Amino acid sequence: MYSNKQIARFGGFLYLLLILFGVFAEKYVRNSLVDADNAAQTARNITDNAMLFRLGFVADLLMQLAYFLLPIVLYQLLKKTSRVWAGLMVLSVTVAVAIMCSNMLNHYAPLLLLDQNGYVNAFNVDQIHSTVLFYIQMHTIGYHIAQLFFGLWLLPLGYLVFKSDKFPKIIGLFLIIGCFGYLSDFILYFLLPEKSSAVSEYITAPADLGEFSLCLYLLIQGVKGTKINNQKKS
């Protein structure tokens with residue numbers, strides 16, 4: 001038997017792992033090694049920092065594992081508010097994680113291409129460098145495809161947080177707004193890519209604020225409630 005507060009804090013811990021692993025993989029590893037305008041420099045960066053690139057790969061997968069487990073934990077807290085909305089929350093994340101895990105093949109491909117005992121001897125240098133950048137760009141595109149679903153999950157999550165008496169309603173509002181921000185960014189990325197980079201940071205800010213606030217609230221405050229019995233009913 002676990003209390004709602006214990007479950008909430010475990011959920012907050014998973015949320016924190018999700019954020020930390022994601023920031024490390026995207027903001028530190030890929031942003032420091034990838035130059036979207038220079039294929040040769042990108043290839044050199046990955047070759048010279050192969051272990052860091054691999055750490056980014058592993059961090060991304062651990063982020064996705066935490067993301068997969070998180071809605072299952074939150075479901076235990078929010079299912080009494082609405083099982084339908086809680087189920088939609090879990091389903092949305094499941095689809096997003098499946099897409100992102102498959103997409104990680106694009107992240108790993110440059111390591112195979114640049115391996116001195118692998119494909120690097122089968123093509124000329126320019127071809128290798130261009131193909132490395134191609135796979136990295138494909139990884140970015142795959143991530144934005146998954147964004148349709150990891151944006152969508154914020155709608156049921158925000159609704160449940162707003163309707164529940166376990167959390168401040170303002171967090172739920174930010175999550176709901178964040179859902180539409182992510183979906184807008186998804187549309188802009190594929191239809192108006194030249195404008196997407198200029199506004200993406202701003203239209204996804206409510207989602208960042210809502211998710212970080214929920215993470216901190218779960219970790220620090222937890223929730224009030226009765227114990228939940230994890231044993232199966234006979």
# chains A, B, ... in the order shown; residues from 1 in each chain; ligands from 1
$ residues_around --residues "A:Trp85" --least-positions-apart "4" --cutoff "10 Å" --atoms "only C-alpha atoms" --output "ChimeraX atom specification"
/A:75,78-79,81,89-91,153,155-160
$ closest_atom_pairs --of "stretch 79-150 of chain A" --to "stretch 57-69 of chain A" --cutoff "9 Å" --atoms "only C-alpha atoms" --output "CSV"
residue,atom,partner,partner_atom,distance
A:Val90,CA,A:Phe68,CA,8.3
A:Val93,CA,A:Phe68,CA,6.5
A:Thr94,CA,A:Phe68,CA,6.4
A:Ala96,CA,A:Phe68,CA,8.9
A:Val97,CA,A:Gln64,CA,6.0
A:Ala98,CA,A:Gln64,CA,8.9
A:Met100,CA,A:Gln64,CA,7.5
A:Cys101,CA,A:Leu61,CA,6.9
A:Met104,CA,A:Phe57,CA,7.4
A:His107,CA,A:Phe57,CA,6.9
A:Tyr108,CA,A:Phe57,CA,7.1
$ residues_around --residues "A:Glu201" --least-positions-apart "6" --cutoff "10 Å" --atoms "only C-alpha atoms" --output "list in words"
Gly181, Asp185 and Asp208 of chain A
$ closest_residue --among "A:Asp165, A:Glu211, A:Glu26, A:Asp35" --to "A:Lys80" --atoms "only C-alpha atoms"
A:Asp165
$ residues_around --residues "A:Asn45" --least-positions-apart "5" --cutoff "12 Å" --atoms "only C-alpha atoms" --output "NGL selection string"
:A and (29-35 or 38-40 or 50-53 or 110-111 or 114 or 129 or 132-133)
$ write_last_selection --atoms "C-alpha atoms" --output "JSON list (two decimals), in the first residue's frame"
[["chain", "number", "residue", "atom", "x", "y", "z"],
["A", 29, "VAL", "CA", 25.14, 16.90, -26.50],
["A", 30, "ARG", "CA", 23.43, 17.65, -29.81],
["A", 31, "ASN", "CA", 23.63, 21.43, -29.53],
["A", 32, "SER", "CA", 27.36, 21.28, -28.81],
["A", 33, "LEU", "CA", 28.25, 18.71, -31.48],
["A", 34, "VAL", "CA", 25.89, 19.37, -34.37],
["A", 35, "ASP", "CA", 26.36, 22.25, -36.79],
["A", 38, "ASN", "CA", 28.50, 22.39, -41.68],
["A", 39, "ALA", "CA", 28.44, 18.64, -42.30],
["A", 40, "ALA", "CA", 32.20, 18.24, -42.12],
["A", 50, "ALA", "CA", 32.16, 9.74, -29.75],
["A", 51, "MET", "CA", 31.62, 8.83, -26.08],
["A", 52, "LEU", "CA", 29.71, 12.06, -25.45],
["A", 53, "PHE", "CA", 27.53, 11.34, -28.48],
["A", 110, "PRO", "CA", 26.29, 8.53, -37.56],
["A", 111, "LEU", "CA", 28.33, 6.35, -35.20],
["A", 114, "LEU", "CA", 32.02, 7.18, -38.89],
["A", 129, "HIS", "CA", 29.78, 13.80, -43.91],
["A", 132, "VAL", "CA", 25.85, 11.92, -41.13],
["A", 133, "LEU", "CA", 24.11, 15.30, -41.20]]
$ atom_distance --atom1 "atom CA of A:Gly56" --atom2 "atom CA of A:Leu16"
16.8 Å
$ closest_residue --among "A:Tyr143, A:Ile170, A:Ile128, A:Phe162" --to "A:Asp115" --atoms "only C-alpha atoms"
A:Ile128
$ select_by_dssp --residues "stretch 21-225 of chain A" --states "alpha helix (DSSP H)" --output "ChimeraX atom specification"
/A:21-23,31-33,39-48,50-78,83-114,125-152,154-163,169-191,193-203,205-220
$ atom_distance --atom1 "atom CA of A:Leu214" --atom2 "atom CA of A:Lys5"
13.7 Å
$ select_by_dssp --residues "chain A" --states "strand (DSSP E)" --output "number ranges by chain"
A: 2-3, 227-228
$ write_last_selection --atoms "N, CA and C atoms" --output "PDB file, in the first residue's frame"
ATOM      1  N   TYR A   2       0.561   2.180  -0.859  1.00  0.00           N
ATOM      2  CA  TYR A   2       1.316   3.416  -0.961  1.00  0.00           C
ATOM      3  C   TYR A   2       0.364   4.592  -0.840  1.00  0.00           C
ATOM      4  N   SER A   3       0.822   5.637  -0.181  1.00  0.00           N
ATOM      5  CA  SER A   3      -0.003   6.835  -0.065  1.00  0.00           C
ATOM      6  C   SER A   3       0.059   7.632  -1.357  1.00  0.00           C
ATOM      7  N   LYS A 227      -4.674   6.073   1.056  1.00  0.00           N
ATOM      8  CA  LYS A 227      -3.758   5.074   0.543  1.00  0.00           C
ATOM      9  C   LYS A 227      -4.406   4.307  -0.610  1.00  0.00           C
ATOM     10  N   ILE A 228      -3.543   3.906  -1.548  1.00  0.00           N
ATOM     11  CA  ILE A 228      -3.998   3.123  -2.693  1.00  0.00           C
ATOM     12  C   ILE A 228      -3.452   1.716  -2.532  1.00  0.00           C
TER      13      ILE A 228
END
